[in-house]
Structures are given as structure tokens and as C-alpha cells.
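Okay, data.txt now, which holds compact mmCIF, N, CA and C atoms:
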# COMPACT_ATOMS: atom_id res chain seq x y z
N MET A 1 14.15 -2.01 -8.48
CA MET A 1 15.09 -3.04 -8.90
C MET A 1 16.50 -2.47 -8.91
N ASN A 2 16.88 -1.84 -7.83
CA ASN A 2 18.21 -1.27 -7.76
C ASN A 2 19.09 -2.00 -6.76
N VAL A 3 18.64 -3.15 -6.28
CA VAL A 3 19.42 -3.98 -5.38
C VAL A 3 19.76 -5.26 -6.13
N GLU A 4 21.00 -5.71 -5.99
CA GLU A 4 21.46 -6.85 -6.78
C GLU A 4 20.62 -8.11 -6.59
N ASN A 5 20.15 -8.36 -5.36
CA ASN A 5 19.35 -9.58 -5.17
C ASN A 5 17.98 -9.46 -5.84
N HIS A 6 17.47 -8.22 -6.05
CA HIS A 6 16.22 -8.06 -6.81
C HIS A 6 16.44 -8.47 -8.26
N ILE A 7 17.57 -8.08 -8.81
CA ILE A 7 17.90 -8.44 -10.19
C ILE A 7 18.02 -9.96 -10.32
N ALA A 8 18.71 -10.58 -9.38
CA ALA A 8 18.88 -12.03 -9.40
C ALA A 8 17.52 -12.73 -9.30
N GLU A 9 16.66 -12.23 -8.44
CA GLU A 9 15.32 -12.82 -8.29
C GLU A 9 14.52 -12.69 -9.58
N ASN A 10 14.59 -11.52 -10.23
CA ASN A 10 13.87 -11.32 -11.49
C ASN A 10 14.41 -12.21 -12.60
N LEU A 11 15.72 -12.36 -12.67
CA LEU A 11 16.32 -13.25 -13.66
C LEU A 11 15.86 -14.70 -13.44
N ASN A 12 15.84 -15.12 -12.19
CA ASN A 12 15.39 -16.47 -11.86
C ASN A 12 13.93 -16.66 -12.27
N THR A 13 13.11 -15.67 -12.00
CA THR A 13 11.70 -15.76 -12.38
C THR A 13 11.57 -15.90 -13.89
N CYS A 14 12.32 -15.09 -14.63
CA CYS A 14 12.25 -15.15 -16.09
C CYS A 14 12.74 -16.48 -16.64
N GLU A 15 13.77 -17.04 -16.03
CA GLU A 15 14.30 -18.32 -16.50
C GLU A 15 13.31 -19.45 -16.27
N ASN A 16 12.52 -19.34 -15.21
CA ASN A 16 11.60 -20.42 -14.86
C ASN A 16 10.16 -20.19 -15.30
N ALA A 17 9.88 -19.04 -15.83
CA ALA A 17 8.51 -18.73 -16.26
C ALA A 17 8.30 -19.22 -17.68
N LEU A 18 7.79 -20.38 -17.80
CA LEU A 18 7.55 -20.98 -19.11
C LEU A 18 6.05 -20.94 -19.42
N PRO A 19 5.70 -21.04 -20.69
CA PRO A 19 4.27 -21.10 -21.02
C PRO A 19 3.59 -22.20 -20.23
N GLY A 20 2.43 -21.88 -19.68
CA GLY A 20 1.68 -22.86 -18.91
C GLY A 20 2.14 -23.01 -17.47
N SER A 21 3.07 -22.15 -17.03
CA SER A 21 3.59 -22.30 -15.67
C SER A 21 2.73 -21.61 -14.62
N MET A 22 1.79 -20.78 -15.04
CA MET A 22 0.91 -20.11 -14.08
C MET A 22 -0.29 -21.00 -13.78
N THR A 23 -0.69 -20.98 -12.53
CA THR A 23 -1.86 -21.76 -12.12
C THR A 23 -3.13 -21.05 -12.60
N PRO A 24 -4.24 -21.76 -12.65
CA PRO A 24 -5.50 -21.11 -13.02
C PRO A 24 -5.85 -19.92 -12.11
N ASP A 25 -5.55 -20.05 -10.82
CA ASP A 25 -5.81 -18.93 -9.90
C ASP A 25 -4.94 -17.72 -10.24
N GLU A 26 -3.68 -17.96 -10.57
CA GLU A 26 -2.78 -16.86 -10.95
C GLU A 26 -3.26 -16.20 -12.24
N LEU A 27 -3.66 -16.99 -13.20
CA LEU A 27 -4.18 -16.45 -14.46
C LEU A 27 -5.45 -15.64 -14.22
N ALA A 28 -6.31 -16.11 -13.33
CA ALA A 28 -7.54 -15.39 -13.01
C ALA A 28 -7.22 -14.05 -12.37
N THR A 29 -6.21 -14.02 -11.51
CA THR A 29 -5.80 -12.76 -10.87
C THR A 29 -5.27 -11.79 -11.91
N VAL A 30 -4.46 -12.27 -12.82
CA VAL A 30 -3.93 -11.41 -13.88
C VAL A 30 -5.07 -10.85 -14.72
N GLU A 31 -6.04 -11.67 -15.07
CA GLU A 31 -7.18 -11.22 -15.87
C GLU A 31 -8.01 -10.21 -15.10
N LYS A 32 -8.17 -10.41 -13.81
CA LYS A 32 -8.95 -9.48 -12.98
C LYS A 32 -8.26 -8.10 -12.95
N VAL A 33 -6.96 -8.09 -12.79
CA VAL A 33 -6.20 -6.83 -12.80
C VAL A 33 -6.31 -6.16 -14.17
N ALA A 34 -6.16 -6.93 -15.23
CA ALA A 34 -6.25 -6.38 -16.58
C ALA A 34 -7.64 -5.80 -16.83
N ALA A 35 -8.67 -6.47 -16.37
CA ALA A 35 -10.04 -5.97 -16.56
C ALA A 35 -10.24 -4.67 -15.81
N THR A 36 -9.66 -4.56 -14.63
CA THR A 36 -9.76 -3.32 -13.85
C THR A 36 -9.10 -2.17 -14.61
N TYR A 37 -7.93 -2.41 -15.14
CA TYR A 37 -7.25 -1.37 -15.94
C TYR A 37 -8.06 -1.00 -17.17
N ARG A 38 -8.63 -1.98 -17.84
CA ARG A 38 -9.43 -1.69 -19.04
C ARG A 38 -10.63 -0.80 -18.70
N LYS A 39 -11.22 -1.00 -17.52
CA LYS A 39 -12.35 -0.16 -17.11
C LYS A 39 -11.91 1.27 -16.83
N LEU A 40 -10.74 1.43 -16.25
CA LEU A 40 -10.27 2.75 -15.85
C LEU A 40 -9.73 3.57 -17.02
N ILE A 41 -9.15 2.90 -18.00
CA ILE A 41 -8.58 3.61 -19.14
C ILE A 41 -9.71 4.01 -20.08
N LYS A 42 -9.82 5.30 -20.32
CA LYS A 42 -10.92 5.83 -21.14
C LYS A 42 -10.66 5.70 -22.63
N VAL A 43 -9.41 5.87 -23.05
CA VAL A 43 -9.09 5.84 -24.48
C VAL A 43 -7.95 4.85 -24.69
N GLY A 44 -8.15 3.91 -25.61
CA GLY A 44 -7.15 2.88 -25.87
C GLY A 44 -6.03 3.33 -26.79
N CYS A 45 -5.54 4.53 -26.57
CA CYS A 45 -4.45 5.08 -27.38
C CYS A 45 -3.13 4.48 -26.92
N THR A 46 -2.34 3.99 -27.88
CA THR A 46 -1.04 3.41 -27.56
C THR A 46 0.09 4.42 -27.63
N GLY A 47 -0.23 5.65 -28.04
CA GLY A 47 0.80 6.69 -28.15
C GLY A 47 1.67 6.55 -29.38
N CYS A 48 1.21 5.85 -30.39
CA CYS A 48 2.02 5.62 -31.60
C CYS A 48 2.27 6.90 -32.39
N ALA A 49 1.38 7.88 -32.24
CA ALA A 49 1.49 9.19 -32.90
C ALA A 49 1.27 9.14 -34.41
N TYR A 50 0.65 8.10 -34.93
CA TYR A 50 0.31 8.08 -36.35
C TYR A 50 -0.68 9.18 -36.68
N CYS A 51 -1.42 9.63 -35.69
CA CYS A 51 -2.41 10.69 -35.86
C CYS A 51 -1.77 12.08 -35.96
N MET A 52 -0.50 12.14 -35.74
CA MET A 52 0.20 13.42 -35.70
C MET A 52 0.95 13.67 -37.01
N PRO A 53 1.20 14.90 -37.37
CA PRO A 53 0.81 16.10 -36.65
C PRO A 53 -0.64 16.46 -36.94
N CYS A 54 -1.29 17.01 -35.95
CA CYS A 54 -2.65 17.52 -36.11
C CYS A 54 -2.54 18.87 -36.82
N PRO A 55 -3.34 19.09 -37.87
CA PRO A 55 -3.26 20.36 -38.59
C PRO A 55 -3.65 21.57 -37.74
N PHE A 56 -4.29 21.32 -36.59
CA PHE A 56 -4.71 22.42 -35.74
C PHE A 56 -3.89 22.51 -34.45
N GLY A 57 -2.89 21.65 -34.34
CA GLY A 57 -1.94 21.75 -33.23
C GLY A 57 -2.25 20.93 -32.00
N VAL A 58 -3.24 20.07 -32.05
CA VAL A 58 -3.57 19.25 -30.87
C VAL A 58 -2.50 18.18 -30.69
N ASN A 59 -1.99 18.04 -29.49
CA ASN A 59 -1.09 16.94 -29.17
C ASN A 59 -1.97 15.78 -28.72
N ILE A 60 -2.46 15.03 -29.68
CA ILE A 60 -3.47 14.00 -29.44
C ILE A 60 -2.97 12.93 -28.45
N PRO A 61 -1.79 12.33 -28.66
CA PRO A 61 -1.36 11.29 -27.72
C PRO A 61 -1.20 11.82 -26.29
N GLN A 62 -0.71 13.04 -26.15
CA GLN A 62 -0.53 13.60 -24.81
C GLN A 62 -1.88 13.90 -24.16
N CYS A 63 -2.82 14.40 -24.93
CA CYS A 63 -4.18 14.63 -24.40
C CYS A 63 -4.77 13.33 -23.86
N PHE A 64 -4.65 12.26 -24.64
CA PHE A 64 -5.22 10.99 -24.21
C PHE A 64 -4.46 10.40 -23.03
N SER A 65 -3.15 10.56 -23.00
CA SER A 65 -2.36 10.06 -21.88
C SER A 65 -2.78 10.73 -20.58
N MET A 66 -2.93 12.04 -20.61
CA MET A 66 -3.33 12.75 -19.40
C MET A 66 -4.78 12.43 -19.01
N TYR A 67 -5.63 12.27 -19.99
CA TYR A 67 -7.03 11.90 -19.74
C TYR A 67 -7.09 10.53 -19.07
N ASN A 68 -6.31 9.59 -19.56
CA ASN A 68 -6.26 8.26 -18.95
C ASN A 68 -5.69 8.32 -17.54
N ASP A 69 -4.62 9.08 -17.35
CA ASP A 69 -4.05 9.24 -16.01
C ASP A 69 -5.11 9.80 -15.06
N TYR A 70 -5.82 10.81 -15.51
CA TYR A 70 -6.85 11.43 -14.69
C TYR A 70 -7.96 10.43 -14.35
N SER A 71 -8.40 9.67 -15.33
CA SER A 71 -9.49 8.72 -15.09
C SER A 71 -9.05 7.56 -14.20
N MET A 72 -7.76 7.28 -14.18
CA MET A 72 -7.25 6.22 -13.31
C MET A 72 -7.04 6.73 -11.88
N GLY A 73 -7.24 8.04 -11.68
CA GLY A 73 -7.12 8.60 -10.34
C GLY A 73 -5.69 8.92 -9.95
N LEU A 74 -4.79 9.01 -10.91
CA LEU A 74 -3.39 9.29 -10.61
C LEU A 74 -3.21 10.78 -10.33
N ASN A 75 -3.31 11.16 -9.09
CA ASN A 75 -3.19 12.54 -8.63
C ASN A 75 -3.89 13.49 -9.59
N ARG A 76 -5.18 13.53 -9.49
CA ARG A 76 -6.01 14.29 -10.42
C ARG A 76 -5.67 15.77 -10.47
N MET A 77 -5.38 16.35 -9.32
CA MET A 77 -5.06 17.78 -9.33
C MET A 77 -3.76 18.04 -10.10
N MET A 78 -2.77 17.20 -9.89
CA MET A 78 -1.50 17.36 -10.60
C MET A 78 -1.70 17.10 -12.10
N THR A 79 -2.48 16.11 -12.45
CA THR A 79 -2.73 15.83 -13.86
C THR A 79 -3.42 17.02 -14.52
N ARG A 80 -4.40 17.59 -13.84
CA ARG A 80 -5.10 18.76 -14.37
C ARG A 80 -4.11 19.93 -14.54
N GLY A 81 -3.25 20.12 -13.56
CA GLY A 81 -2.25 21.20 -13.64
C GLY A 81 -1.29 21.00 -14.79
N PHE A 82 -0.80 19.78 -14.97
CA PHE A 82 0.11 19.51 -16.08
C PHE A 82 -0.59 19.68 -17.43
N TYR A 83 -1.85 19.29 -17.49
CA TYR A 83 -2.61 19.50 -18.72
C TYR A 83 -2.65 20.99 -19.04
N GLY A 84 -2.92 21.79 -18.03
CA GLY A 84 -2.96 23.24 -18.23
C GLY A 84 -1.62 23.80 -18.67
N LEU A 85 -0.58 23.37 -18.01
CA LEU A 85 0.75 23.88 -18.36
C LEU A 85 1.22 23.39 -19.71
N GLN A 86 1.13 22.10 -19.94
CA GLN A 86 1.71 21.52 -21.15
C GLN A 86 0.84 21.70 -22.37
N LEU A 87 -0.46 21.64 -22.21
CA LEU A 87 -1.32 21.60 -23.38
C LEU A 87 -2.18 22.84 -23.60
N MET A 88 -2.54 23.52 -22.53
CA MET A 88 -3.41 24.69 -22.70
C MET A 88 -2.60 25.97 -22.92
N GLY A 89 -1.29 25.83 -23.06
CA GLY A 89 -0.47 26.99 -23.36
C GLY A 89 0.12 27.66 -22.14
N GLY A 90 0.04 27.02 -21.01
CA GLY A 90 0.58 27.60 -19.78
C GLY A 90 2.08 27.82 -19.81
N MET A 91 2.77 27.13 -20.67
CA MET A 91 4.22 27.29 -20.77
C MET A 91 4.65 27.48 -22.23
N GLY A 92 3.74 27.88 -23.09
CA GLY A 92 4.11 28.06 -24.49
C GLY A 92 2.91 27.94 -25.41
N THR A 93 3.08 27.20 -26.47
CA THR A 93 2.05 27.07 -27.50
C THR A 93 0.96 26.09 -27.07
N PRO A 94 -0.30 26.49 -27.15
CA PRO A 94 -1.39 25.56 -26.81
C PRO A 94 -1.39 24.33 -27.73
N ALA A 95 -1.74 23.18 -27.17
CA ALA A 95 -1.84 21.94 -27.93
C ALA A 95 -2.95 21.07 -27.34
N ASP A 96 -3.93 21.71 -26.71
CA ASP A 96 -4.96 20.98 -25.97
C ASP A 96 -6.12 20.56 -26.86
N ALA A 97 -7.02 19.78 -26.28
CA ALA A 97 -8.15 19.20 -27.01
C ALA A 97 -9.11 20.23 -27.58
N SER A 98 -9.15 21.42 -27.00
CA SER A 98 -10.09 22.44 -27.49
C SER A 98 -9.73 22.94 -28.88
N LEU A 99 -8.53 22.66 -29.35
CA LEU A 99 -8.10 23.11 -30.68
C LEU A 99 -8.64 22.22 -31.80
N CYS A 100 -9.17 21.06 -31.46
CA CYS A 100 -9.68 20.12 -32.47
C CYS A 100 -10.83 20.76 -33.26
N ARG A 101 -10.76 20.62 -34.58
CA ARG A 101 -11.80 21.17 -35.47
C ARG A 101 -12.54 20.07 -36.21
N ASN A 102 -12.39 18.82 -35.71
CA ASN A 102 -13.16 17.69 -36.24
C ASN A 102 -12.91 17.45 -37.73
N CYS A 103 -11.68 17.65 -38.17
CA CYS A 103 -11.38 17.46 -39.60
C CYS A 103 -11.32 15.97 -39.98
N GLY A 104 -11.03 15.09 -39.02
CA GLY A 104 -11.02 13.65 -39.28
C GLY A 104 -9.72 13.09 -39.81
N LYS A 105 -8.73 13.93 -40.06
CA LYS A 105 -7.45 13.43 -40.58
C LYS A 105 -6.84 12.39 -39.63
N CYS A 106 -6.94 12.65 -38.36
CA CYS A 106 -6.37 11.75 -37.35
C CYS A 106 -7.08 10.39 -37.33
N VAL A 107 -8.37 10.39 -37.54
CA VAL A 107 -9.16 9.16 -37.50
C VAL A 107 -8.71 8.21 -38.59
N LYS A 108 -8.46 8.75 -39.76
CA LYS A 108 -8.01 7.92 -40.89
C LYS A 108 -6.65 7.28 -40.61
N ALA A 109 -5.80 7.96 -39.83
CA ALA A 109 -4.45 7.48 -39.58
C ALA A 109 -4.34 6.57 -38.36
N CYS A 110 -5.38 6.51 -37.53
CA CYS A 110 -5.29 5.79 -36.26
C CYS A 110 -5.43 4.28 -36.45
N PRO A 111 -4.38 3.51 -36.12
CA PRO A 111 -4.48 2.05 -36.26
C PRO A 111 -5.40 1.42 -35.20
N GLN A 112 -5.71 2.16 -34.13
CA GLN A 112 -6.61 1.66 -33.09
C GLN A 112 -8.07 1.94 -33.41
N LYS A 113 -8.31 2.67 -34.51
CA LYS A 113 -9.68 3.04 -34.93
C LYS A 113 -10.43 3.83 -33.85
N ILE A 114 -9.70 4.71 -33.17
CA ILE A 114 -10.29 5.55 -32.13
C ILE A 114 -11.04 6.70 -32.80
N ALA A 115 -12.21 7.01 -32.30
CA ALA A 115 -12.98 8.17 -32.77
C ALA A 115 -12.37 9.40 -32.11
N ILE A 116 -11.23 9.81 -32.60
CA ILE A 116 -10.40 10.81 -31.93
C ILE A 116 -11.15 12.12 -31.66
N PRO A 117 -11.82 12.74 -32.62
CA PRO A 117 -12.51 13.99 -32.30
C PRO A 117 -13.54 13.84 -31.17
N ASP A 118 -14.27 12.73 -31.16
CA ASP A 118 -15.25 12.49 -30.10
C ASP A 118 -14.56 12.35 -28.74
N GLU A 119 -13.46 11.64 -28.72
CA GLU A 119 -12.72 11.45 -27.47
C GLU A 119 -12.08 12.76 -27.01
N LEU A 120 -11.61 13.57 -27.96
CA LEU A 120 -11.03 14.86 -27.59
C LEU A 120 -12.08 15.78 -26.96
N LYS A 121 -13.32 15.67 -27.38
CA LYS A 121 -14.40 16.44 -26.74
C LYS A 121 -14.54 16.05 -25.27
N LYS A 122 -14.39 14.76 -24.99
CA LYS A 122 -14.46 14.29 -23.60
C LYS A 122 -13.26 14.79 -22.79
N VAL A 123 -12.09 14.80 -23.43
CA VAL A 123 -10.89 15.32 -22.76
C VAL A 123 -11.11 16.79 -22.42
N LYS A 124 -11.61 17.53 -23.38
CA LYS A 124 -11.86 18.97 -23.18
C LYS A 124 -12.84 19.18 -22.02
N ARG A 125 -13.92 18.40 -21.99
CA ARG A 125 -14.91 18.53 -20.91
C ARG A 125 -14.31 18.19 -19.55
N THR A 126 -13.45 17.19 -19.52
CA THR A 126 -12.90 16.72 -18.25
C THR A 126 -11.73 17.55 -17.76
N LEU A 127 -10.80 17.84 -18.66
CA LEU A 127 -9.56 18.50 -18.24
C LEU A 127 -9.44 19.97 -18.64
N GLY A 128 -10.23 20.38 -19.61
CA GLY A 128 -10.14 21.77 -20.05
C GLY A 128 -11.01 22.66 -19.19
N GLY A 129 -11.13 23.88 -19.60
CA GLY A 129 -12.05 24.79 -18.94
C GLY A 129 -11.46 25.56 -17.78
N LEU A 130 -12.35 26.24 -17.09
CA LEU A 130 -11.97 27.18 -16.05
C LEU A 130 -11.22 26.54 -14.90
N SER A 131 -11.63 25.35 -14.48
CA SER A 131 -10.96 24.69 -13.36
C SER A 131 -9.47 24.52 -13.61
N THR A 132 -9.12 24.22 -14.84
CA THR A 132 -7.71 24.04 -15.19
C THR A 132 -7.04 25.39 -15.41
N LYS A 133 -7.70 26.30 -16.09
CA LYS A 133 -7.11 27.62 -16.36
C LYS A 133 -6.75 28.35 -15.08
N ILE A 134 -7.56 28.19 -14.05
CA ILE A 134 -7.29 28.84 -12.77
C ILE A 134 -5.99 28.32 -12.16
N MET A 135 -5.70 27.07 -12.39
CA MET A 135 -4.51 26.45 -11.80
C MET A 135 -3.21 26.89 -12.46
N ILE A 136 -3.25 27.30 -13.71
CA ILE A 136 -2.02 27.59 -14.46
C ILE A 136 -1.13 28.61 -13.75
N PRO A 137 -1.63 29.79 -13.36
CA PRO A 137 -0.73 30.75 -12.69
C PRO A 137 -0.17 30.21 -11.38
N LEU A 138 -0.98 29.46 -10.65
CA LEU A 138 -0.49 28.90 -9.38
C LEU A 138 0.63 27.90 -9.61
N ILE A 139 0.48 27.07 -10.60
CA ILE A 139 1.51 26.07 -10.88
C ILE A 139 2.76 26.74 -11.43
N ARG A 140 2.59 27.76 -12.25
CA ARG A 140 3.76 28.51 -12.74
C ARG A 140 4.56 29.05 -11.56
N LEU A 141 3.87 29.58 -10.57
CA LEU A 141 4.55 30.10 -9.38
C LEU A 141 5.30 29.00 -8.65
N MET A 142 4.69 27.84 -8.57
CA MET A 142 5.30 26.73 -7.84
C MET A 142 6.55 26.19 -8.55
N ILE A 143 6.56 26.22 -9.89
CA ILE A 143 7.69 25.62 -10.59
C ILE A 143 8.75 26.62 -10.99
N SER A 144 8.43 27.91 -10.95
CA SER A 144 9.43 28.91 -11.35
C SER A 144 10.49 29.03 -10.25
N PRO A 145 11.74 29.25 -10.64
CA PRO A 145 12.80 29.36 -9.65
C PRO A 145 12.58 30.61 -8.78
N LYS A 146 12.87 30.46 -7.52
CA LYS A 146 12.74 31.57 -6.57
C LYS A 146 13.80 32.62 -6.89
N VAL A 147 13.40 33.85 -6.95
CA VAL A 147 14.34 34.95 -7.21
C VAL A 147 14.89 35.43 -5.89
N LYS A 148 16.23 35.43 -5.78
CA LYS A 148 16.88 35.88 -4.54
C LYS A 148 17.04 37.39 -4.60
N GLU A 149 16.73 38.03 -3.51
CA GLU A 149 16.86 39.48 -3.46
C GLU A 149 18.12 39.88 -2.76

Using C-alpha cells, write down the structure from this file.
Amino acid sequence: MNVENHIAENLNTCENALPGSMTPDELATVEKVAATYRKLIKVGCTGCAYCMPCPFGVNIPQCFSMYNDYSMGLNRMMTRGFYGLQLMGGMGTPADASLCRNCGKCVKACPQKIAIPDELKKVKRTLGGLSTKIMIPLIRLMISPKVKE
């Protein structure tokens, strides 16, 4: 939406989009797309961060965001690499799902009523482990600035 006529078209759509203006076929298409997304998203976390801070250092919203990205097929190798770098301590302090100690503090605070420790176990199984740890040094090499000799 960086072209002026795109903006004008979007404004026109918004001005004319009134309740009840979609046809049954259009509504069915929207529902079909929404259902597909619901199937692909593993954890219904909204990222509100009410579960934070975790007493053991888990970045719960980020773990779930990456897990959902991975399950949706959004460049799985890159998602795994970012999980390793950002959460498994590849660039600093670990904050990954393996740090969860099942204390339940997060569950009490979650407005979505997510069984957070159970879901973090799934994140750990999917994104943690050796497959991700192996990638960390390679990704560090790729993102570190080249040293000129």
C-alpha cells in the first residue's frame, strides 16, 4: 500500500463496506480462510504477555509465536534458526521452552486459559533440541559482520 491509488482504493472499500454488504459466498470464503488458519495455528496465544515474567526466564509469547510460525510453514528452517538464536541463548541469555519448570504461575495469569506448560513441552519437542542447536553457529556466521583483512 505504498502507491497513492492503492490508498484511495482502500479508503473507498472502507467507506462502502457496511454491515451486511458481503454476499453469502464472500462470507463463506472468509470463514474457510479463517478455519484454515485456526487449523494451522497450534497455540491461541495473543501475545498479551500477562504470563510474563516467567520466574524461570521463558519468553512464553515468543516461544508460541515461533511455534505457530513454524506450524504454519513460514520458512521452517529460518524459524528454527531464529528460535535457536533468540531463545536458546545463541545471542545471549536463554529464554526457550526447555527452561519451563511447570510451576503454573503463567497458567493462572493467562486470559486465553492456555495450558502453557503443556504447550511449551510441544514447542521444546518441535523447535528445541539438537537440530536447532546445530544451526546456531552457522546462523551466527551468516549474521555476523564480515571482518576485512

*Can you work out which one of A:Leu40, A:Cys63, A:Ala95, A:Ile134 has the shortest atom-to-atom distance to Glu119 of chain A, counting all atoms listed in the file?*
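Closest residue, counting all atoms listed in the file: A:Cys63.
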
*Using all atoms listed in the file, which of A:Gln112, A:Cys106, A:Leu120, A:Gly90 sits nearest Arg140 of chain A?*
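Answer, going by the shortest atom-to-atom distance: A:Gly90.
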
_Exercise: segment 64-71 of chain A partners within 10 Å, only C-alpha atoms, chain neighbours under 5 positions left out, as a list in words_ = Lys39, Leu40, Ile41, Lys42, Val43, Gly44, Cys45, Thr46, Gly47, Asn59, Arg76, Met77, Met78, Thr79, Arg80, Phe82, Tyr83, Leu87, Ala97, Ile116, Glu119, Leu120, Lys122, Val123, Lys124, Thr126 and Leu127 of chain A

Taking N, CA and C atoms for each residue, export the selection above as an mmCIF file, keeping the file's coordinate frame.
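Below is the file that was written, part_8.cif:
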data_model
loop_
_atom_site.group_PDB
_atom_site.id
_atom_site.type_symbol
_atom_site.label_atom_id
_atom_site.label_comp_id
_atom_site.auth_asym_id
_atom_site.auth_seq_id
_atom_site.Cartn_x
_atom_site.Cartn_y
_atom_site.Cartn_z
ATOM 1 N N LYS A 39 -11.220 -1.000 -17.520
ATOM 2 C CA LYS A 39 -12.350 -0.160 -17.110
ATOM 3 C C LYS A 39 -11.910 1.270 -16.830
ATOM 4 N N LEU A 40 -10.740 1.430 -16.250
ATOM 5 C CA LEU A 40 -10.270 2.750 -15.850
ATOM 6 C C LEU A 40 -9.730 3.570 -17.020
ATOM 7 N N ILE A 41 -9.150 2.900 -18.000
ATOM 8 C CA ILE A 41 -8.580 3.610 -19.140
ATOM 9 C C ILE A 41 -9.710 4.010 -20.080
ATOM 10 N N LYS A 42 -9.820 5.300 -20.320
ATOM 11 C CA LYS A 42 -10.920 5.830 -21.140
ATOM 12 C C LYS A 42 -10.660 5.700 -22.630
ATOM 13 N N VAL A 43 -9.410 5.870 -23.050
ATOM 14 C CA VAL A 43 -9.090 5.840 -24.480
ATOM 15 C C VAL A 43 -7.950 4.850 -24.690
ATOM 16 N N GLY A 44 -8.150 3.910 -25.610
ATOM 17 C CA GLY A 44 -7.150 2.880 -25.870
ATOM 18 C C GLY A 44 -6.030 3.330 -26.790
ATOM 19 N N CYS A 45 -5.540 4.530 -26.570
ATOM 20 C CA CYS A 45 -4.450 5.080 -27.380
ATOM 21 C C CYS A 45 -3.130 4.480 -26.920
ATOM 22 N N THR A 46 -2.340 3.990 -27.880
ATOM 23 C CA THR A 46 -1.040 3.410 -27.560
ATOM 24 C C THR A 46 0.090 4.420 -27.630
ATOM 25 N N GLY A 47 -0.230 5.650 -28.040
ATOM 26 C CA GLY A 47 0.800 6.690 -28.150
ATOM 27 C C GLY A 47 1.670 6.550 -29.380
ATOM 28 N N ASN A 59 -1.990 18.040 -29.490
ATOM 29 C CA ASN A 59 -1.090 16.940 -29.170
ATOM 30 C C ASN A 59 -1.970 15.780 -28.720
ATOM 31 N N ARG A 76 -5.180 13.530 -9.490
ATOM 32 C CA ARG A 76 -6.010 14.290 -10.420
ATOM 33 C C ARG A 76 -5.670 15.770 -10.470
ATOM 34 N N MET A 77 -5.380 16.350 -9.320
ATOM 35 C CA MET A 77 -5.060 17.780 -9.330
ATOM 36 C C MET A 77 -3.760 18.040 -10.100
ATOM 37 N N MET A 78 -2.770 17.200 -9.890
ATOM 38 C CA MET A 78 -1.500 17.360 -10.600
ATOM 39 C C MET A 78 -1.700 17.100 -12.100
ATOM 40 N N THR A 79 -2.480 16.110 -12.450
ATOM 41 C CA THR A 79 -2.730 15.830 -13.860
ATOM 42 C C THR A 79 -3.420 17.020 -14.520
ATOM 43 N N ARG A 80 -4.400 17.590 -13.840
ATOM 44 C CA ARG A 80 -5.100 18.760 -14.370
ATOM 45 C C ARG A 80 -4.110 19.930 -14.540
ATOM 46 N N PHE A 82 -0.800 19.780 -14.970
ATOM 47 C CA PHE A 82 0.110 19.510 -16.080
ATOM 48 C C PHE A 82 -0.590 19.680 -17.430
ATOM 49 N N TYR A 83 -1.850 19.290 -17.490
ATOM 50 C CA TYR A 83 -2.610 19.500 -18.720
ATOM 51 C C TYR A 83 -2.650 20.990 -19.040
ATOM 52 N N LEU A 87 -0.460 21.640 -22.210
ATOM 53 C CA LEU A 87 -1.320 21.600 -23.380
ATOM 54 C C LEU A 87 -2.180 22.840 -23.600
ATOM 55 N N ALA A 97 -7.020 19.780 -26.280
ATOM 56 C CA ALA A 97 -8.150 19.200 -27.010
ATOM 57 C C ALA A 97 -9.110 20.230 -27.580
ATOM 58 N N ILE A 116 -11.230 9.810 -32.600
ATOM 59 C CA ILE A 116 -10.400 10.810 -31.930
ATOM 60 C C ILE A 116 -11.150 12.120 -31.660
ATOM 61 N N GLU A 119 -13.460 11.640 -28.720
ATOM 62 C CA GLU A 119 -12.720 11.450 -27.470
ATOM 63 C C GLU A 119 -12.080 12.760 -27.010
ATOM 64 N N LEU A 120 -11.610 13.570 -27.960
ATOM 65 C CA LEU A 120 -11.030 14.860 -27.590
ATOM 66 C C LEU A 120 -12.080 15.780 -26.960
ATOM 67 N N LYS A 122 -14.390 14.760 -24.990
ATOM 68 C CA LYS A 122 -14.460 14.290 -23.600
ATOM 69 C C LYS A 122 -13.260 14.790 -22.790
ATOM 70 N N VAL A 123 -12.090 14.800 -23.430
ATOM 71 C CA VAL A 123 -10.890 15.320 -22.760
ATOM 72 C C VAL A 123 -11.110 16.790 -22.420
ATOM 73 N N LYS A 124 -11.610 17.530 -23.380
ATOM 74 C CA LYS A 124 -11.860 18.970 -23.180
ATOM 75 C C LYS A 124 -12.840 19.180 -22.020
ATOM 76 N N THR A 126 -13.450 17.190 -19.520
ATOM 77 C CA THR A 126 -12.900 16.720 -18.250
ATOM 78 C C THR A 126 -11.730 17.550 -17.760
ATOM 79 N N LEU A 127 -10.800 17.840 -18.660
ATOM 80 C CA LEU A 127 -9.560 18.500 -18.240
ATOM 81 C C LEU A 127 -9.440 19.970 -18.640
#

*What does the distance between atom N of Pro53 of chain A and atom C of Lys105 of chain A come to in Å, to one decimal place?*
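Taking atom N of Pro53 of chain A and atom C of Lys105 of chain A, their separation equals 8.7 Å.
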
*Nearest to Pro111 of chain A among A:Gly81, A:Ala49, A:Gly20, A:Ile136, with distances taken over only C-alpha atoms: which residue is it?*
A:Ala49

*Do you have the atom N of Thr132 of chain A-atom CA of Gly84 of chain A distance handy?*
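The value is 7.1 Å.
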
*Hey, can you check how far atom CA of Pro117 of chain A sits from atom CA of Val58 of chain A?*
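Atom CA of Val58 of chain A lies 10.5 Å from atom CA of Pro117 of chain A.
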
*If you run DSSP on the backbone, which residues of chain A are helix (DSSP H, G or I), as a VMD selection string?*
chain A and resid 4 to 16 24 to 40 60 to 71 76 to 87 97 to 99 105 to 109 116 to 127 130 to 143
